[in-house]
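Notes follow the structure.
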Amino acid sequence: MPASDPAPARTDYSFSDLTRERPFMHLWCARMLGTAAQQMLMVAIGWHMYDITGSAWDLGLVGLFQFVPALVLALYAGHVVDRHHRGRILAACLAAQGLVALALLGAHGAGLDTRALLLGLSLVLGAVRAFQMPAQQALVPLLVPVLMLPRAMAFSSAGQQAAVIGGPALGGLLFVAGTGVVYGACVLFFAAACLLAVRLRYAHSAPPREPVTAATLLAGVRFIWLRKPVLGAVSLDLFAVLLGGAVALLPIYARDILHTGPWGLGLLRGAPAVGALVMSVLLTRRPVERHVGRTLLLAVGAFGVCMVVFGLSRSFLVSMAALAVSGAADMVNVVIRQTLVQLETPDAMRGRVSAVNSIFIGASNQLGEFESGATAALLGPVGSVVAGGIGTMLVALSWFRLFPSLAKRDRMVG
């Protein structure tokens, strides 16, 4: 009898196939619970700090104290992620954040909560997240087949956006019962997420021991620089967020331009997340399969158009719609960019490349808020937002010429 031909490898996967990938679903649930807990914790710490000090400066320091250690430790964290079991790193990060929430709960109950304690624990949270972000980003490709990765990235983003929307809302509701209740809920959420992360199983073989040197720490930077599609995708997001962000100016728009007040500010801040959530669900069902490079650049251009519309609008509904569409366009950018970066990066480098990517994202968010404020001081809020939107569109057009290999990329798996 002749030997039968081997079964052909699968080339198509549905959403139901994705949900049957148990390790991935454990990670998805852990990320969703962990992100919701992080959002609740940030709301609680901000409210707690303002309740203690009444200082807007101290509120800004909370963000700064989290950003600085994340930036300083990012390259070393990427090196660690590439050398150790990523599931255990993620579990340790979630456990550490749970301990921070527990410490805040205890300090609040004992009357020992102080400005110095909140700032010190903010430093701890920033250091922990330097390791968490590259670990969880680099885990996804290990848990699903390559051709399922675009759908997995979109579904991950959907869970992330749902947690970003629901976490602060839940935290706000729990505040009615007291600050300690919010901290207690964070402890429970982090504990559940940690247990799910501990259960992650995937093939892991420890790489050869390698000393920590400048070359190993900067390997992710060098890798991105030499791979033009990766460099183009990562730098595109940096400049798009740097120029096109309008979040820092939303209070001005809500009060002085759209004349809505605090309730309108809340809706404006939530609109991009709602648009992103809807788009991530759509991309989970129907991922981008062709012309991915062109779609990426057009999505960034569309984001710029939305910012121009928002900047010029005097209608609250039009402004809400523009922000929601901008969130949807940005989600297309996020899913395609993250998928391309993961597919173009060998597993031994994913932690360090993800760490560099997290630096770009963190820096662009922080610098983007500074850029918005600085240009608003010169051009006014409307001029700042419109100029940023036009700049974003020009960047997207320039990238067609500067990174032709990215613009001409047809499929995710090249």
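Going by the structure tokens order, chains are called A, B, ..., each with residues numbered from 1, while ligands are numbered from 1 in the order shown.
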Using DSSP on the backbone coordinates, identify all residues within stretch 92-296 of chain A classified as alpha helix (DSSP H); present the result as a CSV table (one decimal) with N, CA and C atoms, in the first residue's frame.
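New file result-v7.csv:
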```csv
chain,number,residue,atom,x,y,z
A,92,ALA,N,4.6,37.3,37.7
A,92,ALA,CA,5.3,38.1,38.8
A,92,ALA,C,4.9,39.6,38.7
A,93,CYS,N,4.8,40.1,37.5
A,93,CYS,CA,4.4,41.5,37.4
A,93,CYS,C,3.0,41.8,38.0
A,94,LEU,N,2.1,40.9,37.6
A,94,LEU,CA,0.7,41.0,38.1
A,94,LEU,C,0.7,40.9,39.6
A,95,ALA,N,1.5,39.9,40.2
A,95,ALA,CA,1.5,39.7,41.6
A,95,ALA,C,2.1,41.0,42.3
A,96,ALA,N,3.1,41.6,41.7
A,96,ALA,CA,3.7,42.8,42.3
A,96,ALA,C,2.7,43.9,42.4
A,97,GLN,N,1.9,44.1,41.3
A,97,GLN,CA,0.9,45.1,41.3
A,97,GLN,C,-0.2,44.8,42.3
A,98,GLY,N,-0.5,43.6,42.5
A,98,GLY,CA,-1.5,43.2,43.5
A,98,GLY,C,-0.9,43.5,44.9
A,99,LEU,N,0.4,43.3,45.1
A,99,LEU,CA,1.0,43.7,46.4
A,99,LEU,C,0.9,45.2,46.7
A,100,VAL,N,1.1,46.0,45.6
A,100,VAL,CA,1.1,47.4,45.7
A,100,VAL,C,-0.3,47.8,46.1
A,101,ALA,N,-1.4,47.2,45.5
A,101,ALA,CA,-2.7,47.5,45.9
A,101,ALA,C,-3.0,47.1,47.3
A,102,LEU,N,-2.5,46.0,47.7
A,102,LEU,CA,-2.7,45.5,49.1
A,102,LEU,C,-2.0,46.5,50.1
A,103,ALA,N,-0.8,47.0,49.7
A,103,ALA,CA,-0.1,47.9,50.6
A,103,ALA,C,-0.9,49.2,50.7
A,104,LEU,N,-1.5,49.7,49.6
A,104,LEU,CA,-2.3,50.9,49.7
A,104,LEU,C,-3.6,50.7,50.5
A,105,LEU,N,-4.2,49.5,50.4
A,105,LEU,CA,-5.3,49.1,51.2
A,105,LEU,C,-5.0,49.2,52.7
A,106,GLY,N,-3.9,48.5,53.0
A,106,GLY,CA,-3.5,48.5,54.4
A,106,GLY,C,-3.1,49.9,55.0
A,107,ALA,N,-2.4,50.7,54.2
A,107,ALA,CA,-2.0,52.0,54.6
A,107,ALA,C,-3.3,52.9,54.8
A,108,HIS,N,-4.2,52.8,53.9
A,108,HIS,CA,-5.4,53.6,54.0
A,108,HIS,C,-6.2,53.2,55.2
A,109,GLY,N,-6.3,51.9,55.5
A,109,GLY,CA,-7.1,51.5,56.6
A,109,GLY,C,-6.4,51.9,57.9
A,110,ALA,N,-5.0,52.0,58.0
A,110,ALA,CA,-4.3,52.3,59.2
A,110,ALA,C,-4.0,53.8,59.3
A,115,ARG,N,1.6,61.3,50.9
A,115,ARG,CA,2.0,61.7,49.5
A,115,ARG,C,3.3,60.9,49.2
A,116,ALA,N,4.2,60.8,50.1
A,116,ALA,CA,5.5,60.1,49.8
A,116,ALA,C,5.2,58.6,49.5
A,117,LEU,N,4.3,58.0,50.2
A,117,LEU,CA,3.9,56.6,50.0
A,117,LEU,C,3.3,56.4,48.6
A,118,LEU,N,2.4,57.3,48.2
A,118,LEU,CA,1.8,57.2,46.9
A,118,LEU,C,2.8,57.4,45.8
A,119,LEU,N,3.7,58.3,45.9
A,119,LEU,CA,4.8,58.5,44.9
A,119,LEU,C,5.8,57.4,44.9
A,120,GLY,N,6.1,56.8,46.0
A,120,GLY,CA,7.0,55.7,46.1
A,120,GLY,C,6.4,54.5,45.4
A,121,LEU,N,5.2,54.2,45.7
A,121,LEU,CA,4.5,53.0,45.0
A,121,LEU,C,4.3,53.3,43.6
A,122,SER,N,4.2,54.5,43.2
A,122,SER,CA,4.1,54.8,41.7
A,122,SER,C,5.4,54.5,41.0
A,123,LEU,N,6.5,54.7,41.7
A,123,LEU,CA,7.8,54.3,41.1
A,123,LEU,C,7.8,52.7,40.9
A,124,VAL,N,7.3,52.0,41.9
A,124,VAL,CA,7.3,50.6,41.8
A,124,VAL,C,6.4,50.1,40.6
A,125,LEU,N,5.2,50.7,40.5
A,125,LEU,CA,4.4,50.4,39.4
A,125,LEU,C,5.0,50.6,38.0
A,126,GLY,N,5.7,51.7,37.9
A,126,GLY,CA,6.4,52.0,36.7
A,126,GLY,C,7.5,51.0,36.3
A,127,ALA,N,8.2,50.6,37.4
A,127,ALA,CA,9.3,49.6,37.2
A,127,ALA,C,8.7,48.3,36.8
A,128,VAL,N,7.6,47.9,37.4
A,128,VAL,CA,7.0,46.6,37.1
A,128,VAL,C,6.5,46.6,35.7
A,129,ARG,N,5.9,47.7,35.2
A,129,ARG,CA,5.3,47.7,33.9
A,129,ARG,C,6.3,47.7,32.8
A,130,ALA,N,7.6,48.1,33.1
A,130,ALA,CA,8.7,48.0,32.2
A,130,ALA,C,8.9,46.6,31.7
A,131,PHE,N,8.6,45.6,32.6
A,131,PHE,CA,8.8,44.2,32.3
A,131,PHE,C,7.5,43.6,31.8
A,132,GLN,N,6.4,44.1,32.3
A,132,GLN,CA,5.1,43.5,31.9
A,132,GLN,C,4.8,43.7,30.4
A,133,MET,N,5.0,44.9,29.9
A,133,MET,CA,4.6,45.2,28.5
A,133,MET,C,5.3,44.3,27.5
A,134,PRO,N,6.6,44.3,27.5
A,134,PRO,CA,7.3,43.4,26.5
A,134,PRO,C,7.0,41.9,26.7
A,135,ALA,N,6.8,41.5,28.0
A,135,ALA,CA,6.5,40.1,28.2
A,135,ALA,C,5.2,39.7,27.6
A,136,GLN,N,4.1,40.5,27.8
A,136,GLN,CA,2.8,40.0,27.3
A,136,GLN,C,2.7,40.2,25.8
A,137,GLN,N,3.4,41.2,25.2
A,137,GLN,CA,3.4,41.4,23.8
A,137,GLN,C,4.1,40.2,23.1
A,138,ALA,N,5.3,39.8,23.7
A,138,ALA,CA,6.0,38.7,23.1
A,138,ALA,C,5.5,37.3,23.3
A,139,LEU,N,4.5,37.2,24.2
A,139,LEU,CA,3.8,35.9,24.5
A,139,LEU,C,2.9,35.5,23.4
A,140,VAL,N,2.1,36.4,22.8
A,140,VAL,CA,1.1,36.0,21.9
A,140,VAL,C,1.5,35.1,20.7
A,141,PRO,N,2.6,35.5,20.0
A,141,PRO,CA,3.1,34.6,18.9
A,141,PRO,C,3.4,33.2,19.3
A,142,LEU,N,3.7,33.0,20.6
A,142,LEU,CA,4.0,31.6,21.1
A,142,LEU,C,2.8,30.8,21.4
A,143,LEU,N,1.6,31.4,21.4
A,143,LEU,CA,0.4,30.7,21.9
A,143,LEU,C,-0.6,30.4,20.7
A,149,LEU,N,-2.3,34.8,14.0
A,149,LEU,CA,-1.8,35.9,14.7
A,149,LEU,C,-2.5,37.2,14.5
A,150,PRO,N,-2.9,37.6,13.2
A,150,PRO,CA,-3.6,38.9,13.1
A,150,PRO,C,-5.0,38.9,13.8
A,151,ARG,N,-5.7,37.8,13.8
A,151,ARG,CA,-6.9,37.7,14.5
A,151,ARG,C,-6.7,37.7,16.0
A,152,ALA,N,-5.6,37.1,16.5
A,152,ALA,CA,-5.3,37.1,17.9
A,152,ALA,C,-5.0,38.5,18.4
A,153,MET,N,-4.2,39.2,17.6
A,153,MET,CA,-3.8,40.6,18.0
A,153,MET,C,-5.1,41.5,18.0
A,154,ALA,N,-6.0,41.3,17.1
A,154,ALA,CA,-7.2,42.1,17.1
A,154,ALA,C,-8.1,41.8,18.3
A,155,PHE,N,-8.2,40.5,18.6
A,155,PHE,CA,-9.0,40.1,19.8
A,155,PHE,C,-8.4,40.6,21.1
A,156,SER,N,-7.0,40.5,21.1
A,156,SER,CA,-6.3,41.0,22.3
A,156,SER,C,-6.6,42.5,22.5
A,157,SER,N,-6.6,43.3,21.4
A,157,SER,CA,-6.9,44.7,21.4
A,157,SER,C,-8.3,45.0,21.9
A,158,ALA,N,-9.2,44.1,21.4
A,158,ALA,CA,-10.6,44.3,21.8
A,158,ALA,C,-10.8,44.1,23.4
A,159,GLY,N,-10.1,43.1,23.9
A,159,GLY,CA,-10.2,42.9,25.4
A,159,GLY,C,-9.5,44.1,26.1
A,160,GLN,N,-8.4,44.6,25.5
A,160,GLN,CA,-7.7,45.7,26.1
A,160,GLN,C,-8.6,46.9,26.2
A,161,GLN,N,-9.3,47.2,25.0
A,161,GLN,CA,-10.1,48.4,25.0
A,161,GLN,C,-11.3,48.3,25.9
A,162,ALA,N,-11.9,47.1,26.0
A,162,ALA,CA,-13.0,46.9,26.9
A,162,ALA,C,-12.6,47.1,28.3
A,163,ALA,N,-11.4,46.7,28.7
A,163,ALA,CA,-10.9,46.9,30.1
A,163,ALA,C,-10.6,48.4,30.3
A,164,VAL,N,-10.0,49.1,29.3
A,164,VAL,CA,-9.7,50.5,29.4
A,164,VAL,C,-11.0,51.3,29.7
A,165,ILE,N,-12.1,50.9,29.0
A,165,ILE,CA,-13.4,51.6,29.2
A,165,ILE,C,-14.0,51.2,30.5
A,166,GLY,N,-14.1,49.9,30.8
A,166,GLY,CA,-14.8,49.4,31.9
A,166,GLY,C,-14.1,49.5,33.2
A,167,GLY,N,-12.7,49.5,33.3
A,167,GLY,CA,-12.0,49.6,34.5
A,167,GLY,C,-12.2,50.9,35.2
A,168,PRO,N,-12.0,52.1,34.6
A,168,PRO,CA,-12.3,53.3,35.3
A,168,PRO,C,-13.8,53.5,35.7
A,169,ALA,N,-14.7,53.0,34.8
A,169,ALA,CA,-16.1,53.1,35.2
A,169,ALA,C,-16.4,52.3,36.4
A,170,LEU,N,-15.9,51.1,36.5
A,170,LEU,CA,-16.1,50.2,37.7
A,170,LEU,C,-15.5,50.9,38.9
A,171,GLY,N,-14.2,51.4,38.7
A,171,GLY,CA,-13.6,52.1,39.8
A,171,GLY,C,-14.4,53.3,40.4
A,172,GLY,N,-15.0,54.0,39.4
A,172,GLY,CA,-15.8,55.1,39.8
A,172,GLY,C,-17.0,54.7,40.6
A,173,LEU,N,-17.6,53.6,40.2
A,173,LEU,CA,-18.8,53.1,41.0
A,173,LEU,C,-18.4,52.6,42.4
A,174,LEU,N,-17.2,51.9,42.5
A,174,LEU,CA,-16.8,51.4,43.8
A,174,LEU,C,-16.4,52.5,44.7
A,179,THR,N,-12.6,54.5,49.2
A,179,THR,CA,-11.3,54.2,48.5
A,179,THR,C,-10.8,52.8,48.8
A,180,GLY,N,-10.9,52.3,50.0
A,180,GLY,CA,-10.4,51.0,50.4
A,180,GLY,C,-11.1,49.9,49.6
A,181,VAL,N,-12.4,50.1,49.2
A,181,VAL,CA,-13.1,49.1,48.5
A,181,VAL,C,-12.5,49.0,47.1
A,182,VAL,N,-12.1,50.1,46.5
A,182,VAL,CA,-11.4,50.1,45.2
A,182,VAL,C,-10.1,49.3,45.2
A,183,TYR,N,-9.3,49.6,46.3
A,183,TYR,CA,-8.0,48.9,46.4
A,183,TYR,C,-8.2,47.4,46.6
A,184,GLY,N,-9.3,47.1,47.4
A,184,GLY,CA,-9.5,45.7,47.6
A,184,GLY,C,-9.9,45.0,46.3
A,185,ALA,N,-10.8,45.6,45.5
A,185,ALA,CA,-11.1,45.0,44.2
A,185,ALA,C,-9.9,44.9,43.3
A,186,CYS,N,-9.0,45.8,43.3
A,186,CYS,CA,-7.8,45.7,42.5
A,186,CYS,C,-7.0,44.5,43.0
A,187,VAL,N,-6.9,44.3,44.3
A,187,VAL,CA,-6.1,43.1,44.8
A,187,VAL,C,-6.7,41.8,44.2
A,188,LEU,N,-8.1,41.7,44.3
A,188,LEU,CA,-8.7,40.5,43.8
A,188,LEU,C,-8.5,40.3,42.3
A,189,PHE,N,-8.6,41.4,41.5
A,189,PHE,CA,-8.5,41.3,40.1
A,189,PHE,C,-7.0,40.9,39.7
A,190,PHE,N,-6.0,41.5,40.4
A,190,PHE,CA,-4.6,41.2,40.1
A,190,PHE,C,-4.4,39.7,40.5
A,191,ALA,N,-4.9,39.3,41.6
A,191,ALA,CA,-4.7,37.9,42.0
A,191,ALA,C,-5.3,36.9,41.0
A,192,ALA,N,-6.5,37.2,40.5
A,192,ALA,CA,-7.1,36.3,39.5
A,192,ALA,C,-6.3,36.3,38.2
A,193,ALA,N,-5.8,37.5,37.8
A,193,ALA,CA,-5.0,37.6,36.6
A,193,ALA,C,-3.7,36.8,36.8
A,194,CYS,N,-3.1,36.9,37.9
A,194,CYS,CA,-1.8,36.2,38.2
A,194,CYS,C,-2.0,34.7,38.1
A,195,LEU,N,-3.1,34.2,38.7
A,195,LEU,CA,-3.4,32.8,38.6
A,195,LEU,C,-3.5,32.3,37.2
A,196,LEU,N,-4.2,33.1,36.4
A,196,LEU,CA,-4.3,32.7,34.9
A,196,LEU,C,-2.9,32.7,34.3
A,197,ALA,N,-2.1,33.7,34.6
A,197,ALA,CA,-0.8,33.8,33.9
A,197,ALA,C,0.1,32.6,34.4
A,198,VAL,N,0.0,32.2,35.6
A,198,VAL,CA,0.8,31.1,36.1
A,198,VAL,C,0.4,29.8,35.3
A,214,ALA,N,26.3,46.3,26.7
A,214,ALA,CA,25.6,47.3,25.9
A,214,ALA,C,25.1,46.7,24.6
A,215,ALA,N,25.8,45.8,24.0
A,215,ALA,CA,25.4,45.2,22.7
A,215,ALA,C,24.1,44.4,22.9
A,216,THR,N,24.0,43.6,24.0
A,216,THR,CA,22.8,42.8,24.2
A,216,THR,C,21.6,43.7,24.5
A,217,LEU,N,21.8,44.8,25.3
A,217,LEU,CA,20.7,45.7,25.6
A,217,LEU,C,20.3,46.4,24.4
A,219,ALA,N,20.4,45.4,21.3
A,219,ALA,CA,20.2,44.5,20.2
A,219,ALA,C,18.8,44.8,19.6
A,220,GLY,N,17.8,45.1,20.4
A,220,GLY,CA,16.5,45.4,19.8
A,220,GLY,C,16.5,46.7,19.0
A,221,VAL,N,17.3,47.7,19.4
A,221,VAL,CA,17.4,49.0,18.7
A,221,VAL,C,18.1,48.7,17.3
A,222,ARG,N,19.2,47.9,17.4
A,222,ARG,CA,19.9,47.6,16.1
A,222,ARG,C,19.0,46.8,15.2
A,223,PHE,N,18.2,45.8,15.7
A,223,PHE,CA,17.4,45.0,14.9
A,223,PHE,C,16.3,45.8,14.2
A,224,ILE,N,15.7,46.7,14.9
A,224,ILE,CA,14.7,47.6,14.3
A,224,ILE,C,15.3,48.5,13.2
A,225,TRP,N,16.5,49.0,13.5
A,225,TRP,CA,17.1,49.9,12.5
A,225,TRP,C,17.4,49.2,11.2
A,226,LEU,N,17.8,48.0,11.3
A,226,LEU,CA,18.2,47.2,10.1
A,226,LEU,C,17.0,46.6,9.3
A,228,LYS,N,13.8,47.6,7.7
A,228,LYS,CA,13.1,48.8,7.3
A,228,LYS,C,11.6,48.7,7.5
A,229,PRO,N,10.9,47.5,7.2
A,229,PRO,CA,9.5,47.5,7.5
A,229,PRO,C,9.1,47.6,9.0
A,230,VAL,N,10.0,47.1,9.8
A,230,VAL,CA,9.7,47.2,11.3
A,230,VAL,C,10.0,48.7,11.7
A,231,LEU,N,11.1,49.2,11.2
A,231,LEU,CA,11.4,50.6,11.5
A,231,LEU,C,10.3,51.6,11.1
A,232,GLY,N,9.8,51.3,9.8
A,232,GLY,CA,8.8,52.2,9.3
A,232,GLY,C,7.5,52.1,10.1
A,233,ALA,N,7.1,50.8,10.5
A,233,ALA,CA,5.9,50.7,11.3
A,233,ALA,C,6.0,51.3,12.7
A,234,VAL,N,7.1,51.1,13.4
A,234,VAL,CA,7.3,51.6,14.7
A,234,VAL,C,7.4,53.1,14.7
A,235,SER,N,8.2,53.7,13.8
A,235,SER,CA,8.4,55.1,13.7
A,235,SER,C,7.1,55.8,13.3
A,236,LEU,N,6.3,55.2,12.4
A,236,LEU,CA,5.1,55.8,12.0
A,236,LEU,C,4.2,56.0,13.1
A,237,ASP,N,4.1,55.1,14.0
A,237,ASP,CA,3.2,55.3,15.2
A,237,ASP,C,3.7,56.4,16.1
A,238,LEU,N,5.1,56.5,16.2
A,238,LEU,CA,5.7,57.5,17.1
A,238,LEU,C,5.3,58.9,16.6
A,239,PHE,N,5.4,59.1,15.3
A,239,PHE,CA,5.2,60.5,14.8
A,239,PHE,C,3.7,60.7,14.7
A,240,ALA,N,2.9,59.7,14.4
A,240,ALA,CA,1.4,59.9,14.4
A,240,ALA,C,0.9,60.3,15.7
A,241,VAL,N,1.3,59.6,16.8
A,241,VAL,CA,0.8,60.0,18.1
A,241,VAL,C,1.4,61.3,18.6
A,242,LEU,N,2.7,61.5,18.2
A,242,LEU,CA,3.4,62.8,18.6
A,242,LEU,C,2.7,64.0,18.1
A,243,LEU,N,2.3,63.9,16.8
A,243,LEU,CA,1.7,65.1,16.1
A,243,LEU,C,0.2,65.1,16.3
A,244,GLY,N,-0.5,64.0,16.2
A,244,GLY,CA,-1.9,64.0,16.1
A,244,GLY,C,-2.7,63.9,17.4
A,250,LEU,N,-8.4,68.2,25.5
A,250,LEU,CA,-9.8,68.0,25.5
A,250,LEU,C,-10.5,68.8,26.6
A,251,PRO,N,-9.9,69.1,27.8
A,251,PRO,CA,-10.6,69.9,28.7
A,251,PRO,C,-10.9,71.3,28.2
A,252,ILE,N,-10.0,71.9,27.4
A,252,ILE,CA,-10.2,73.2,26.7
A,252,ILE,C,-11.4,73.1,25.8
A,262,PRO,N,-18.0,69.2,32.4
A,262,PRO,CA,-17.3,67.9,32.8
A,262,PRO,C,-17.9,66.7,32.1
A,263,TRP,N,-19.3,66.6,32.0
A,263,TRP,CA,-19.9,65.5,31.4
A,263,TRP,C,-19.5,65.3,30.0
A,264,GLY,N,-19.4,66.4,29.3
A,264,GLY,CA,-18.9,66.3,27.9
A,264,GLY,C,-17.5,65.9,27.8
A,265,LEU,N,-16.6,66.3,28.7
A,265,LEU,CA,-15.2,65.9,28.7
A,265,LEU,C,-15.2,64.4,28.9
A,266,GLY,N,-16.0,63.8,29.8
A,266,GLY,CA,-16.0,62.4,29.9
A,266,GLY,C,-16.3,61.6,28.7
A,267,LEU,N,-17.3,62.1,28.0
A,267,LEU,CA,-17.8,61.5,26.7
A,267,LEU,C,-16.7,61.7,25.6
A,268,LEU,N,-16.1,62.8,25.6
A,268,LEU,CA,-15.0,63.0,24.5
A,268,LEU,C,-13.9,62.1,24.8
A,269,ARG,N,-13.5,62.0,26.1
A,269,ARG,CA,-12.3,61.1,26.4
A,269,ARG,C,-12.7,59.6,26.1
A,270,GLY,N,-13.9,59.2,26.2
A,270,GLY,CA,-14.3,57.8,26.0
A,270,GLY,C,-14.5,57.5,24.5
A,271,ALA,N,-14.8,58.5,23.7
A,271,ALA,CA,-15.2,58.3,22.3
A,271,ALA,C,-14.1,57.5,21.5
A,272,PRO,N,-12.8,57.9,21.6
A,272,PRO,CA,-11.8,57.1,20.8
A,272,PRO,C,-11.8,55.6,21.3
A,273,ALA,N,-11.9,55.4,22.5
A,273,ALA,CA,-11.9,54.0,23.0
A,273,ALA,C,-13.1,53.2,22.5
A,274,VAL,N,-14.2,53.8,22.4
A,274,VAL,CA,-15.4,53.1,21.9
A,274,VAL,C,-15.2,52.8,20.4
A,275,GLY,N,-14.7,53.8,19.6
A,275,GLY,CA,-14.4,53.5,18.2
A,275,GLY,C,-13.3,52.4,18.0
A,276,ALA,N,-12.3,52.4,18.9
A,276,ALA,CA,-11.3,51.4,18.9
A,276,ALA,C,-11.8,50.0,19.2
A,277,LEU,N,-12.7,50.0,20.2
A,277,LEU,CA,-13.3,48.7,20.6
A,277,LEU,C,-14.1,48.1,19.4
A,278,VAL,N,-15.0,48.9,18.8
A,278,VAL,CA,-15.8,48.4,17.7
A,278,VAL,C,-14.9,47.9,16.6
A,279,MET,N,-13.8,48.7,16.2
A,279,MET,CA,-13.0,48.3,15.1
A,279,MET,C,-12.2,47.0,15.5
A,280,SER,N,-11.8,46.9,16.7
A,280,SER,CA,-11.0,45.6,17.1
A,280,SER,C,-11.9,44.4,17.0
A,281,VAL,N,-13.2,44.6,17.4
A,281,VAL,CA,-14.1,43.4,17.2
A,281,VAL,C,-14.3,43.1,15.7
A,282,LEU,N,-14.4,44.1,14.9
A,282,LEU,CA,-14.5,43.8,13.4
A,282,LEU,C,-13.3,43.1,12.9
A,283,LEU,N,-12.1,43.6,13.3
A,283,LEU,CA,-10.9,43.0,12.9
A,283,LEU,C,-10.7,41.6,13.4
A,284,THR,N,-11.3,41.3,14.5
A,284,THR,CA,-11.2,39.9,15.0
A,284,THR,C,-12.0,39.0,14.1
A,285,ARG,N,-13.1,39.5,13.6
A,285,ARG,CA,-14.0,38.7,12.7
A,285,ARG,C,-13.4,38.7,11.3
A,292,VAL,N,-1.7,45.1,3.3
A,292,VAL,CA,-1.6,45.5,4.7
A,292,VAL,C,-0.8,46.7,4.9
A,293,GLY,N,0.3,46.9,4.1
A,293,GLY,CA,1.2,48.1,4.3
A,293,GLY,C,0.4,49.3,3.9
A,294,ARG,N,-0.2,49.3,2.7
A,294,ARG,CA,-1.0,50.4,2.3
A,294,ARG,C,-2.1,50.8,3.3
A,295,THR,N,-2.8,49.7,3.8
A,295,THR,CA,-3.9,49.9,4.7
A,295,THR,C,-3.4,50.6,6.0
A,296,LEU,N,-2.2,50.2,6.4
A,296,LEU,CA,-1.6,50.8,7.6
A,296,LEU,C,-1.4,52.3,7.4
```
Please determine, counting only C-alpha atoms, which residue among A:Met412, A:Met42, A:Ala77, A:Leu147 has the shortest atom-to-atom distance to A:Leu18.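 Among the listed residues, the smallest separation from A:Leu18 belongs to A:Leu147.
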Which one is closest to A:Val356: A:Ala377, A:Leu33, A:Val341, A:Leu317? Count only C-alpha atoms. A:Val341
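Residue nearest A:Arg83, chosen from A:Gly54, A:Gly351, A:Gly304, A:Gly391 and counting only C-alpha atoms: A:Gly351.
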A:Val212 proximity check over A:Gly111, A:Gly327, A:Pro381, A:Gly78, using only C-alpha atoms: winner is A:Gly78
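Atom CA of A:Ala355 sits 17.1 Å away from atom CA of A:Arg88.
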